[in-house]
>>> print(open('work-v9.tsv').read())   # TSV, C-alpha atoms
chain	number	residue	atom	x	y	z
I	89	MET	CA	-130.68	-205.24	-103.27
I	90	ILE	CA	-130.97	-202.15	-101.06
I	91	ASP	CA	-133.77	-199.78	-102.02
I	92	VAL	CA	-132.98	-196.20	-102.98
I	93	LEU	CA	-134.51	-194.63	-99.85
I	94	SER	CA	-132.45	-196.84	-97.54
I	95	ARG	CA	-129.32	-195.96	-99.49
I	96	MET	CA	-130.04	-192.26	-99.12
I	97	LEU	CA	-130.75	-192.58	-95.40
I	98	ALA	CA	-127.45	-194.42	-94.98
I	99	SER	CA	-125.53	-191.52	-96.51
I	100	ARG	CA	-127.43	-188.48	-95.23
I	101	ASP	CA	-128.30	-187.13	-91.79
I	102	TRP	CA	-131.72	-185.95	-93.00
I	103	LEU	CA	-133.90	-185.99	-96.09
I	104	MET	CA	-136.58	-183.47	-96.99
I	105	ALA	CA	-139.97	-184.73	-98.09
I	106	ASP	CA	-142.65	-182.73	-99.93
I	107	GLY	CA	-145.60	-180.61	-98.85
I	108	ALA	CA	-149.34	-180.57	-99.48
I	109	THR	CA	-150.99	-182.31	-102.39
I	110	GLY	CA	-154.56	-181.16	-101.81
I	111	THR	CA	-153.80	-177.52	-101.04
I	112	THR	CA	-151.72	-177.23	-104.20
I	113	LEU	CA	-154.33	-178.88	-106.40
I	114	PHE	CA	-157.15	-176.77	-104.95
I	115	ASN	CA	-155.10	-173.72	-105.89
I	116	MET	CA	-155.00	-175.12	-109.44
I	117	GLY	CA	-158.77	-175.41	-109.60
I	118	LEU	CA	-159.63	-178.78	-108.08
I	119	GLU	CA	-163.25	-178.63	-106.94
I	120	SER	CA	-164.41	-179.74	-103.49
I	121	GLY	CA	-165.52	-183.37	-103.70
I	122	GLU	CA	-163.63	-183.99	-106.95
I	123	PRO	CA	-161.21	-186.95	-106.64
I	124	PRO	CA	-157.65	-185.62	-107.09
I	125	GLU	CA	-156.62	-189.00	-108.51
I	126	PHE	CA	-158.72	-188.35	-111.63
I	127	TRP	CA	-156.31	-185.57	-112.53
I	128	ASN	CA	-153.57	-188.17	-113.08
I	129	THR	CA	-155.26	-189.02	-116.38
I	130	ASP	CA	-157.43	-185.94	-116.99
I	131	ARG	CA	-154.92	-183.18	-116.21
I	132	PRO	CA	-151.46	-184.79	-116.16
I	133	ASP	CA	-149.63	-181.50	-116.71
I	134	ASN	CA	-151.05	-180.20	-113.43
I	135	ILE	CA	-149.73	-183.27	-111.65
I	136	ARG	CA	-146.33	-182.82	-113.27
I	137	THR	CA	-146.38	-179.23	-111.98
I	138	LEU	CA	-147.28	-180.49	-108.48
I	139	TYR	CA	-144.36	-182.92	-108.44
I	140	ARG	CA	-141.92	-180.51	-110.07
I	141	GLY	CA	-142.76	-177.83	-107.51
I	142	ALA	CA	-141.61	-180.07	-104.67
I	143	VAL	CA	-138.43	-181.14	-106.46
I	144	GLU	CA	-137.46	-177.59	-107.42
I	145	ALA	CA	-138.07	-176.46	-103.82
I	146	GLY	CA	-135.50	-179.00	-102.62
I	147	SER	CA	-137.48	-182.12	-101.72
I	148	ASP	CA	-135.55	-185.39	-101.76
I	149	ILE	CA	-138.82	-187.34	-101.59
I	150	PHE	CA	-142.21	-186.52	-103.05
I	151	LEU	CA	-145.51	-188.37	-102.75
I	152	THR	CA	-147.68	-189.40	-105.67
I	153	ASN	CA	-151.19	-188.05	-106.19
I	154	THR	CA	-152.77	-191.34	-105.10
I	155	PHE	CA	-153.77	-190.74	-101.48
I	156	GLY	CA	-157.39	-191.83	-102.05
I	157	GLY	CA	-156.55	-194.35	-104.76
I	158	ASN	CA	-157.97	-197.46	-103.11
I	159	ALA	CA	-161.16	-199.25	-104.18
I	160	SER	CA	-163.14	-198.13	-101.12
I	161	ARG	CA	-162.47	-194.43	-101.68
I	162	LEU	CA	-162.82	-194.59	-105.48
I	163	LYS	CA	-166.10	-196.48	-105.19
I	164	LEU	CA	-167.62	-193.23	-103.91
I	165	HIS	CA	-167.10	-191.94	-107.47
I	166	GLN	CA	-167.97	-195.19	-109.27
I	167	ALA	CA	-164.29	-195.61	-110.12
I	168	GLN	CA	-163.36	-198.71	-108.13
I	169	GLY	CA	-162.40	-200.39	-111.40
I	170	ARG	CA	-159.71	-197.77	-112.05
I	171	VAL	CA	-157.50	-198.43	-109.02
I	172	ARG	CA	-154.61	-199.99	-110.92
I	173	GLU	CA	-154.74	-197.40	-113.72
I	174	LEU	CA	-154.90	-194.27	-111.56
I	175	ASN	CA	-152.10	-195.44	-109.28
I	176	ARG	CA	-149.91	-196.57	-112.17
I	177	VAL	CA	-150.28	-193.25	-113.99
I	178	GLY	CA	-149.75	-191.24	-110.81
I	179	ALA	CA	-146.45	-193.06	-110.26
I	180	GLU	CA	-145.43	-192.86	-113.92
I	181	LEU	CA	-145.76	-189.08	-113.87
I	182	GLY	CA	-143.67	-189.02	-110.69
I	183	ARG	CA	-141.03	-191.23	-112.22
I	184	GLU	CA	-140.84	-188.89	-115.20
I	185	ILE	CA	-140.20	-185.84	-112.99
I	186	ALA	CA	-137.77	-187.61	-110.65
I	187	ASP	CA	-135.68	-188.98	-113.53
I	188	LYS	CA	-135.25	-185.46	-114.91
I	189	ALA	CA	-134.25	-183.94	-111.57
I	190	GLY	CA	-130.51	-184.25	-112.08
I	191	ARG	CA	-130.11	-185.73	-108.60
I	192	MET	CA	-131.46	-188.64	-106.63
I	193	VAL	CA	-135.15	-188.10	-105.81
I	194	VAL	CA	-137.43	-190.74	-104.30
I	195	VAL	CA	-140.90	-191.32	-105.76
I	196	ALA	CA	-143.08	-192.39	-102.84
I	197	GLY	CA	-146.41	-194.01	-103.68
I	198	SER	CA	-149.00	-192.38	-101.41
I	199	VAL	CA	-151.43	-194.84	-99.79
I	200	GLY	CA	-154.10	-193.27	-97.59
I	201	PRO	CA	-156.74	-194.92	-95.41
I	202	THR	CA	-159.75	-196.78	-96.80
I	203	GLY	CA	-162.19	-194.60	-94.89
I	204	GLU	CA	-163.87	-197.71	-93.46
I	205	ILE	CA	-164.02	-199.06	-89.91
I	206	PHE	CA	-162.70	-202.50	-89.06
I	207	GLU	CA	-164.91	-205.19	-87.57
I	208	PRO	CA	-166.42	-205.67	-85.04
I	209	MET	CA	-167.23	-201.94	-84.85
I	210	GLY	CA	-167.49	-201.78	-88.65
I	211	THR	CA	-167.56	-204.17	-91.58
I	212	LEU	CA	-163.99	-204.04	-92.93
I	213	THR	CA	-162.09	-207.30	-92.54
I	214	HIS	CA	-158.33	-207.71	-92.47
I	215	ALA	CA	-158.39	-209.78	-95.65
I	216	LEU	CA	-160.38	-207.19	-97.59
I	217	ALA	CA	-158.16	-204.34	-96.40
I	218	VAL	CA	-155.05	-206.22	-97.48
I	219	GLU	CA	-156.64	-206.92	-100.85
I	220	MET	CA	-157.48	-203.24	-101.41
I	221	PHE	CA	-154.06	-202.02	-100.37
I	222	HIS	CA	-152.35	-204.71	-102.42
I	223	GLU	CA	-154.24	-203.70	-105.56
I	224	GLN	CA	-153.14	-200.11	-105.05
I	225	ALA	CA	-149.55	-201.13	-104.29
I	226	GLU	CA	-149.29	-203.14	-107.51
I	227	GLY	CA	-150.42	-200.13	-109.53
I	228	LEU	CA	-147.83	-197.91	-107.86
I	229	LYS	CA	-145.16	-200.54	-108.40
I	230	GLU	CA	-146.01	-200.81	-112.11
I	231	GLY	CA	-145.72	-197.05	-112.42
I	232	GLY	CA	-142.21	-197.00	-110.99
I	233	ALA	CA	-142.67	-195.84	-107.39
I	234	ASP	CA	-139.52	-196.43	-105.33
I	235	VAL	CA	-141.34	-196.97	-102.04
I	236	LEU	CA	-144.89	-197.16	-100.68
I	237	TRP	CA	-145.80	-194.30	-98.37
I	238	ILE	CA	-148.69	-195.32	-96.10
I	239	GLU	CA	-150.04	-192.21	-94.39
I	240	THR	CA	-152.72	-190.57	-92.25
I	241	ILE	CA	-153.67	-193.92	-90.70
I	242	SER	CA	-155.60	-193.98	-87.41
I	243	ALA	CA	-156.28	-197.67	-86.72
I	244	PRO	CA	-153.48	-200.14	-85.92
I	245	GLU	CA	-155.43	-202.83	-87.83
I	246	GLU	CA	-155.30	-200.71	-90.98
I	247	TYR	CA	-151.59	-200.01	-90.55
I	248	LYS	CA	-150.91	-203.74	-90.23
I	249	ALA	CA	-153.05	-204.56	-93.28
I	250	ALA	CA	-151.18	-201.99	-95.38
I	251	ALA	CA	-147.86	-203.43	-94.19
I	252	GLU	CA	-148.94	-206.91	-95.28
I	253	ALA	CA	-149.99	-205.56	-98.67
I	254	ALA	CA	-146.56	-203.97	-99.12
I	255	ALA	CA	-144.97	-207.35	-98.43
I	256	ARG	CA	-147.23	-209.04	-100.97
I	257	ALA	CA	-146.22	-206.48	-103.57
I	258	GLY	CA	-142.55	-206.88	-102.70
I	259	MET	CA	-142.25	-203.15	-102.02
I	260	PRO	CA	-140.27	-201.30	-99.34
I	261	TRP	CA	-142.49	-198.97	-97.34
I	262	CYS	CA	-142.78	-196.17	-94.83
I	263	GLY	CA	-145.81	-195.51	-92.65
I	264	THR	CA	-147.19	-192.57	-90.70
I	265	MET	CA	-150.22	-192.16	-88.50
I	266	SER	CA	-152.17	-188.98	-87.76
I	267	PHE	CA	-152.28	-187.80	-84.15
I	268	ASP	CA	-154.95	-185.28	-83.24
I	269	THR	CA	-155.80	-182.83	-80.48
I	270	ALA	CA	-155.53	-185.34	-77.62
I	271	GLY	CA	-152.11	-186.62	-78.72
I	272	ARG	CA	-153.60	-189.89	-79.96
I	273	THR	CA	-154.90	-191.12	-83.28
I	274	MET	CA	-158.65	-191.14	-83.83
I	275	MET	CA	-158.60	-194.79	-82.76
I	276	GLY	CA	-156.63	-194.08	-79.60
I	277	VAL	CA	-153.07	-195.04	-80.58
I	278	THR	CA	-150.34	-193.19	-78.66
I	279	SER	CA	-146.87	-192.35	-79.93
I	280	ALA	CA	-145.37	-195.01	-77.64
I	281	ALA	CA	-147.86	-197.63	-78.84
I	282	MET	CA	-147.07	-196.91	-82.47
I	283	ALA	CA	-143.32	-197.15	-81.87
I	284	ALA	CA	-143.85	-200.54	-80.22
I	285	MET	CA	-146.25	-201.74	-82.92
I	286	VAL	CA	-143.93	-201.17	-85.87
I	287	GLU	CA	-141.32	-203.44	-84.31
I	288	THR	CA	-143.80	-206.33	-84.08
I	289	LEU	CA	-144.51	-206.37	-87.82
I	290	PRO	CA	-143.03	-209.18	-89.93
I	291	ASN	CA	-141.87	-206.51	-92.40
I	292	PRO	CA	-141.33	-203.32	-90.42
I	293	PRO	CA	-141.17	-200.00	-92.28
I	294	ILE	CA	-137.97	-198.31	-93.39
I	295	ALA	CA	-139.13	-195.31	-91.38
I	296	PHE	CA	-142.23	-194.37	-89.39
I	297	GLY	CA	-143.72	-191.30	-87.83
I	298	ALA	CA	-146.56	-188.80	-87.90
I	299	ASN	CA	-148.26	-186.61	-90.48
I	300	CYS	CA	-151.12	-184.12	-90.61
I	301	GLY	CA	-152.99	-183.85	-87.30
I	302	VAL	CA	-153.36	-180.42	-85.75
I	303	GLY	CA	-150.31	-178.21	-86.17
I	304	ALA	CA	-146.53	-178.29	-86.05
I	305	SER	CA	-146.36	-177.97	-82.24
I	306	ASP	CA	-148.55	-180.99	-81.56
I	307	LEU	CA	-146.80	-183.05	-84.21
I	308	MET	CA	-143.42	-182.24	-82.68
I	309	ARG	CA	-144.67	-183.34	-79.26
I	310	THR	CA	-145.65	-186.66	-80.83
I	311	VAL	CA	-142.20	-186.93	-82.42
I	312	LEU	CA	-140.59	-186.46	-79.01
I	313	GLY	CA	-142.82	-189.30	-77.84
I	314	PHE	CA	-141.40	-191.57	-80.54
I	315	ALA	CA	-137.84	-190.56	-79.70
I	316	SER	CA	-138.34	-191.16	-75.97
I	317	THR	CA	-138.96	-194.86	-76.64
I	318	GLY	CA	-135.36	-195.24	-77.76
I	319	THR	CA	-136.31	-196.46	-81.22
I	320	GLU	CA	-133.44	-196.68	-83.68
I	321	ARG	CA	-135.74	-196.74	-86.72
I	322	PRO	CA	-135.67	-193.52	-88.78
I	323	LEU	CA	-138.44	-191.10	-87.86
I	324	ILE	CA	-140.72	-189.11	-90.17
I	325	ALA	CA	-142.35	-185.75	-89.43
I	326	LYS	CA	-144.81	-184.18	-91.89
I	327	GLY	CA	-146.59	-181.41	-90.06
I	328	ASN	CA	-149.28	-179.05	-91.29
I	329	ALA	CA	-148.34	-175.46	-92.07
I	330	GLY	CA	-149.98	-173.96	-89.03
I	331	ILE	CA	-153.68	-174.11	-88.22
I	332	PRO	CA	-156.49	-173.92	-90.81
I	333	LYS	CA	-158.55	-170.73	-90.81
I	334	TYR	CA	-161.62	-169.96	-92.92
I	335	HIS	CA	-160.99	-166.79	-94.92
I	336	ASP	CA	-162.76	-165.31	-97.96
I	337	GLY	CA	-164.56	-168.53	-98.82
I	338	HIS	CA	-161.65	-170.93	-98.51
I	339	ILE	CA	-159.49	-172.67	-95.95
I	340	HIS	CA	-156.12	-171.02	-95.40
I	341	TYR	CA	-153.29	-172.41	-93.24
I	342	ASP	CA	-151.68	-169.68	-91.17
I	343	GLY	CA	-148.18	-171.14	-90.99
I	344	THR	CA	-145.56	-168.91	-92.62
I	345	PRO	CA	-142.42	-170.13	-94.39
I	346	GLU	CA	-140.48	-168.80	-91.39
I	347	LEU	CA	-142.53	-170.92	-88.98
I	348	MET	CA	-142.05	-174.02	-91.11
I	349	ALA	CA	-138.32	-173.37	-91.23
I	350	GLU	CA	-138.29	-173.33	-87.41
I	351	TYR	CA	-140.31	-176.55	-87.37
I	352	ALA	CA	-137.90	-178.25	-89.79
I	353	VAL	CA	-134.86	-177.38	-87.67
I	354	LEU	CA	-136.58	-178.48	-84.46
I	355	ALA	CA	-137.56	-181.77	-86.10
I	356	ARG	CA	-133.99	-182.37	-87.25
I	357	ASP	CA	-132.64	-181.55	-83.79
I	358	ALA	CA	-135.19	-183.97	-82.29
I	359	GLY	CA	-133.62	-186.75	-84.36
I	360	VAL	CA	-136.11	-186.87	-87.24
I	361	ARG	CA	-134.52	-188.20	-90.42
I	362	ILE	CA	-137.30	-187.43	-92.95
I	363	ILE	CA	-138.80	-183.94	-92.63
I	364	GLY	CA	-141.65	-182.59	-94.72
I	365	GLY	CA	-144.94	-180.76	-94.58
I	366	CYS	CA	-148.57	-181.74	-94.87
I	367	CYS	CA	-151.72	-179.64	-95.38
I	368	GLY	CA	-151.02	-176.04	-96.33
I	369	THR	CA	-147.32	-176.61	-97.04
I	370	MET	CA	-146.47	-174.96	-100.35
I	371	PRO	CA	-143.19	-174.72	-102.32
I	372	GLU	CA	-142.33	-171.44	-100.59
I	373	HIS	CA	-142.53	-173.23	-97.24
I	374	LEU	CA	-140.35	-176.06	-98.56
I	375	ARG	CA	-137.69	-173.66	-99.84
I	376	ALA	CA	-137.47	-171.99	-96.43
I	377	MET	CA	-137.27	-175.39	-94.74
I	378	ARG	CA	-134.47	-176.57	-97.03
I	379	GLU	CA	-132.44	-173.40	-96.53
I	380	ALA	CA	-132.78	-173.62	-92.75
I	381	LEU	CA	-131.81	-177.28	-92.68
I	382	GLU	CA	-128.73	-176.61	-94.77
I	383	THR	CA	-127.53	-173.42	-93.09
I	384	ARG	CA	-128.44	-173.68	-89.42
I	385	PRO	CA	-126.15	-175.77	-87.20
I	386	LYS	CA	-127.54	-178.78	-85.39
I	387	GLY	CA	-128.61	-178.05	-81.85
I	388	PRO	CA	-129.64	-180.10	-78.80
I	389	ARG	CA	-132.88	-182.05	-78.74
I	390	PRO	CA	-135.66	-179.50	-78.17
I	391	THR	CA	-137.80	-179.50	-75.06
I	392	LEU	CA	-141.56	-178.98	-75.01
I	393	GLU	CA	-140.84	-175.43	-73.90
I	394	ASP	CA	-138.59	-174.89	-76.93
I	395	ILE	CA	-141.30	-176.18	-79.24
I	396	SER	CA	-144.09	-174.02	-77.84
I	397	ALA	CA	-141.82	-170.96	-77.83
I	398	HIS	CA	-140.95	-171.34	-81.51
I	399	LEU	CA	-144.10	-172.89	-82.96
I	400	GLY	CA	-146.90	-171.86	-80.62
I	401	GLY	CA	-148.78	-173.59	-77.83
I	402	PHE	CA	-150.19	-177.11	-77.84
I	403	SER	CA	-153.85	-177.83	-78.53
I	404	SER	CA	-154.23	-179.90	-75.36
I	405	ALA	CA	-152.46	-180.33	-72.04
I	406	SER	CA	-151.97	-184.06	-72.59
I	407	ASP	CA	-149.65	-185.73	-75.09
I	408	GLY	CA	-152.00	-188.74	-75.06
I	409	THR	CA	-149.79	-191.07	-73.07
I	410	GLY	CA	-151.19	-190.24	-69.65
I	411	ASP	CA	-154.66	-189.57	-68.28
I	412	THR	CA	-156.87	-188.55	-71.21
I	413	SER	CA	-159.90	-187.47	-69.21
I	414	GLY	CA	-161.10	-184.09	-70.35
I	415	ASP	CA	-159.29	-184.27	-73.68
I	416	PRO	CA	-160.89	-182.14	-76.38
I	417	LYS	CA	-162.94	-183.83	-79.05
I	418	ARG	CA	-160.73	-185.31	-81.72
I	419	GLU	CA	-160.86	-184.45	-85.38
I	420	ARG	CA	-159.12	-185.80	-88.45
I	421	ARG	CA	-157.99	-184.28	-91.69
I	422	GLY	CA	-156.23	-185.87	-94.62
I	423	ARG	CA	-153.49	-184.79	-96.97
I	424	ARG	CA	-156.05	-183.29	-99.30
I	425	GLY	CA	-156.12	-180.22	-97.09
>>> encode(input="work-v9.tsv", output="structure tokens")
Amino acid sequence: MIDVLSRMLASRDWLMADGATGTTLFNMGLESGEPPEFWNTDRPDNIRTLYRGAVEAGSDIFLTNTFGGNASRLKLHQAQGRVRELNRVGAELGREIADKAGRMVVVAGSVGPTGEIFEPMGTLTHALAVEMFHEQAEGLKEGGADVLWIETISAPEEYKAAAEAAARAGMPWCGTMSFDTAGRTMMGVTSAAMAAMVETLPNPPIAFGANCGVGASDLMRTVLGFASTGTERPLIAKGNAGIPKYHDGHIHYDGTPELMAEYAVLARDAGVRIIGGCCGTMPEHLRAMREALETRPKGPRPTLEDISAHLGGFSSASDGTGDTSGDPKRERRGRRG
């Protein structure tokens, strides 16, 4: 039986994913340090509004409010016993909104990193990581998620553990990693290395790619790195809406809807099949992206010069695949914005 995402990819040139979870919830009153996943049970109408905003803006895929819903992250709030519940409810709310959409919409169960470091540098073992991801996957499956969406991963070991957990749960999956200022993940993975890695997995993802990171320009450079490997697997791009700036007591992303529309078209022309936004991407950005994707004709694959001209300059001279000496210090942000 072919899953719904694969069916849609087989019939469409591109699909639009959603935008930011964290930025939207902070705008609704989520406090810094408060686990967004608690809102699945405590403020379900807000989560319905989050999901509905993406669907009404034109998203074909939206992610559940479960990014930090694994036992390691929830343990920080003494909620490690609520993994199954919070993921199930997060997916159930998504299923409710998707089923009322009047068109085919994919509910993607968001699975973020554990926040722990693998041995020997840290204490996390492969078996424990698989167990944590599997517990989360089963909750998302019970709630009706169509696909697991593993995202913002930095370590190849964690990506592989999440893939194994998806197989244990019998769930189709997609997986993105986050590439930062030096064009590599925090653990040093390049775009070429990721493209090679996904093909070695016993159960490779439906689609793979990059999310979050620095800004749309850097993410697009990473996407071109994926494409240059000749991969035939569908690519995902979920870039941040510009660069975060501190303004009047809060973090604001400076990317306009117009900039994100340019990014969406460039991503499509680069061969990306699933195009969305990450931190700072609001419904108004998504609406502009959808309109541009539907109305602007497909063009040639963009060059690095095209990308910098339309989206702004890159944060580093290197794309991570060559000499990395002198690269700026790396940083990492998650979907929570």
>>> atom_distance(input="work-v9.tsv", atom1="atom CA of Gly200 of chain I", atom2="atom CA of Phe221 of chain I")
9.2 Å
>>> axis_aligned_box(input="work-v9.tsv", around="segment 239-243 of chain I", padding_each_side="6 Å", output="lines of an AutoDock Vina configuration file")
center_x = -153.2
center_y = -194.1
center_z = -90.6
size_x = 18.2
size_y = 19.1
size_z = 19.7
>>> atom_distance(input="work-v9.tsv", atom1="atom CA of Gly182 of chain I", atom2="atom CA of Ala233 of chain I")
7.6 Å
>>> closest_residue(input="work-v9.tsv", among="I:Leu151, I:Val193, I:Leu312, I:Val353", to="Gly110 of chain I", atoms="all atoms listed in the file")
I:Leu151
>>> closest_residue(input="work-v9.tsv", among="I:Trp237, I:Met308, I:Glu372, I:Glu346", to="Glu393 of chain I", atoms="all atoms listed in the file")
I:Met308
>>> build_atoms(input="work-v9.tsv", residues="segment 272-287 of chain I", atoms="N, CA, C and O atoms", output="PDB file, in the coordinates of the input")
ATOM      1  N   ARG I 272    -153.391-188.514 -79.528  1.00  0.00           N
ATOM      2  CA  ARG I 272    -153.600-189.890 -79.960  1.00  0.00           C
ATOM      3  C   ARG I 272    -154.220-189.885 -81.348  1.00  0.00           C
ATOM      4  O   ARG I 272    -154.726-188.865 -81.807  1.00  0.00           O
ATOM      5  N   THR I 273    -154.179-191.032 -82.019  1.00  0.00           N
ATOM      6  CA  THR I 273    -154.900-191.120 -83.280  1.00  0.00           C
ATOM      7  C   THR I 273    -156.391-191.197 -82.985  1.00  0.00           C
ATOM      8  O   THR I 273    -156.805-191.367 -81.836  1.00  0.00           O
ATOM      9  N   MET I 274    -157.200-191.083 -84.014  1.00  0.00           N
ATOM     10  CA  MET I 274    -158.650-191.140 -83.830  1.00  0.00           C
ATOM     11  C   MET I 274    -159.071-192.444 -83.170  1.00  0.00           C
ATOM     12  O   MET I 274    -160.093-192.507 -82.481  1.00  0.00           O
ATOM     13  N   MET I 275    -158.294-193.501 -83.366  1.00  0.00           N
ATOM     14  CA  MET I 275    -158.600-194.790 -82.760  1.00  0.00           C
ATOM     15  C   MET I 275    -157.826-195.039 -81.470  1.00  0.00           C
ATOM     16  O   MET I 275    -157.759-196.161 -80.978  1.00  0.00           O
ATOM     17  N   GLY I 276    -157.216-193.988 -80.933  1.00  0.00           N
ATOM     18  CA  GLY I 276    -156.630-194.080 -79.600  1.00  0.00           C
ATOM     19  C   GLY I 276    -155.184-194.509 -79.502  1.00  0.00           C
ATOM     20  O   GLY I 276    -154.683-194.744 -78.402  1.00  0.00           O
ATOM     21  N   VAL I 277    -154.472-194.611 -80.616  1.00  0.00           N
ATOM     22  CA  VAL I 277    -153.070-195.040 -80.580  1.00  0.00           C
ATOM     23  C   VAL I 277    -152.190-193.896 -80.088  1.00  0.00           C
ATOM     24  O   VAL I 277    -152.310-192.765 -80.554  1.00  0.00           O
ATOM     25  N   THR I 278    -151.295-194.181 -79.146  1.00  0.00           N
ATOM     26  CA  THR I 278    -150.340-193.190 -78.660  1.00  0.00           C
ATOM     27  C   THR I 278    -149.031-193.298 -79.437  1.00  0.00           C
ATOM     28  O   THR I 278    -148.783-194.277 -80.146  1.00  0.00           O
ATOM     29  N   SER I 279    -148.177-192.304 -79.270  1.00  0.00           N
ATOM     30  CA  SER I 279    -146.870-192.350 -79.930  1.00  0.00           C
ATOM     31  C   SER I 279    -146.070-193.562 -79.464  1.00  0.00           C
ATOM     32  O   SER I 279    -145.424-194.247 -80.269  1.00  0.00           O
ATOM     33  N   ALA I 280    -146.111-193.860 -78.170  1.00  0.00           N
ATOM     34  CA  ALA I 280    -145.370-195.010 -77.640  1.00  0.00           C
ATOM     35  C   ALA I 280    -145.922-196.321 -78.203  1.00  0.00           C
ATOM     36  O   ALA I 280    -145.160-197.243 -78.532  1.00  0.00           O
ATOM     37  N   ALA I 281    -147.254-196.407 -78.310  1.00  0.00           N
ATOM     38  CA  ALA I 281    -147.860-197.630 -78.840  1.00  0.00           C
ATOM     39  C   ALA I 281    -147.508-197.841 -80.299  1.00  0.00           C
ATOM     40  O   ALA I 281    -147.270-198.977 -80.738  1.00  0.00           O
ATOM     41  N   MET I 282    -147.447-196.760 -81.066  1.00  0.00           N
ATOM     42  CA  MET I 282    -147.070-196.910 -82.470  1.00  0.00           C
ATOM     43  C   MET I 282    -145.617-197.369 -82.595  1.00  0.00           C
ATOM     44  O   MET I 282    -145.302-198.252 -83.393  1.00  0.00           O
ATOM     45  N   ALA I 283    -144.733-196.762 -81.814  1.00  0.00           N
ATOM     46  CA  ALA I 283    -143.320-197.150 -81.870  1.00  0.00           C
ATOM     47  C   ALA I 283    -143.138-198.627 -81.538  1.00  0.00           C
ATOM     48  O   ALA I 283    -142.309-199.322 -82.139  1.00  0.00           O
ATOM     49  N   ALA I 284    -143.926-199.116 -80.581  1.00  0.00           N
ATOM     50  CA  ALA I 284    -143.850-200.540 -80.220  1.00  0.00           C
ATOM     51  C   ALA I 284    -144.452-201.405 -81.316  1.00  0.00           C
ATOM     52  O   ALA I 284    -143.918-202.480 -81.645  1.00  0.00           O
ATOM     53  N   MET I 285    -145.562-200.949 -81.904  1.00  0.00           N
ATOM     54  CA  MET I 285    -146.250-201.740 -82.920  1.00  0.00           C
ATOM     55  C   MET I 285    -145.386-202.005 -84.143  1.00  0.00           C
ATOM     56  O   MET I 285    -145.358-203.122 -84.672  1.00  0.00           O
ATOM     57  N   VAL I 286    -144.684-200.985 -84.621  1.00  0.00           N
ATOM     58  CA  VAL I 286    -143.930-201.170 -85.870  1.00  0.00           C
ATOM     59  C   VAL I 286    -142.862-202.255 -85.725  1.00  0.00           C
ATOM     60  O   VAL I 286    -142.517-202.931 -86.696  1.00  0.00           O
ATOM     61  N   GLU I 287    -142.360-202.433 -84.516  1.00  0.00           N
ATOM     62  CA  GLU I 287    -141.320-203.440 -84.310  1.00  0.00           C
ATOM     63  C   GLU I 287    -141.879-204.855 -84.247  1.00  0.00           C
ATOM     64  O   GLU I 287    -141.120-205.825 -84.298  1.00  0.00           O
TER      65      GLU I 287
END
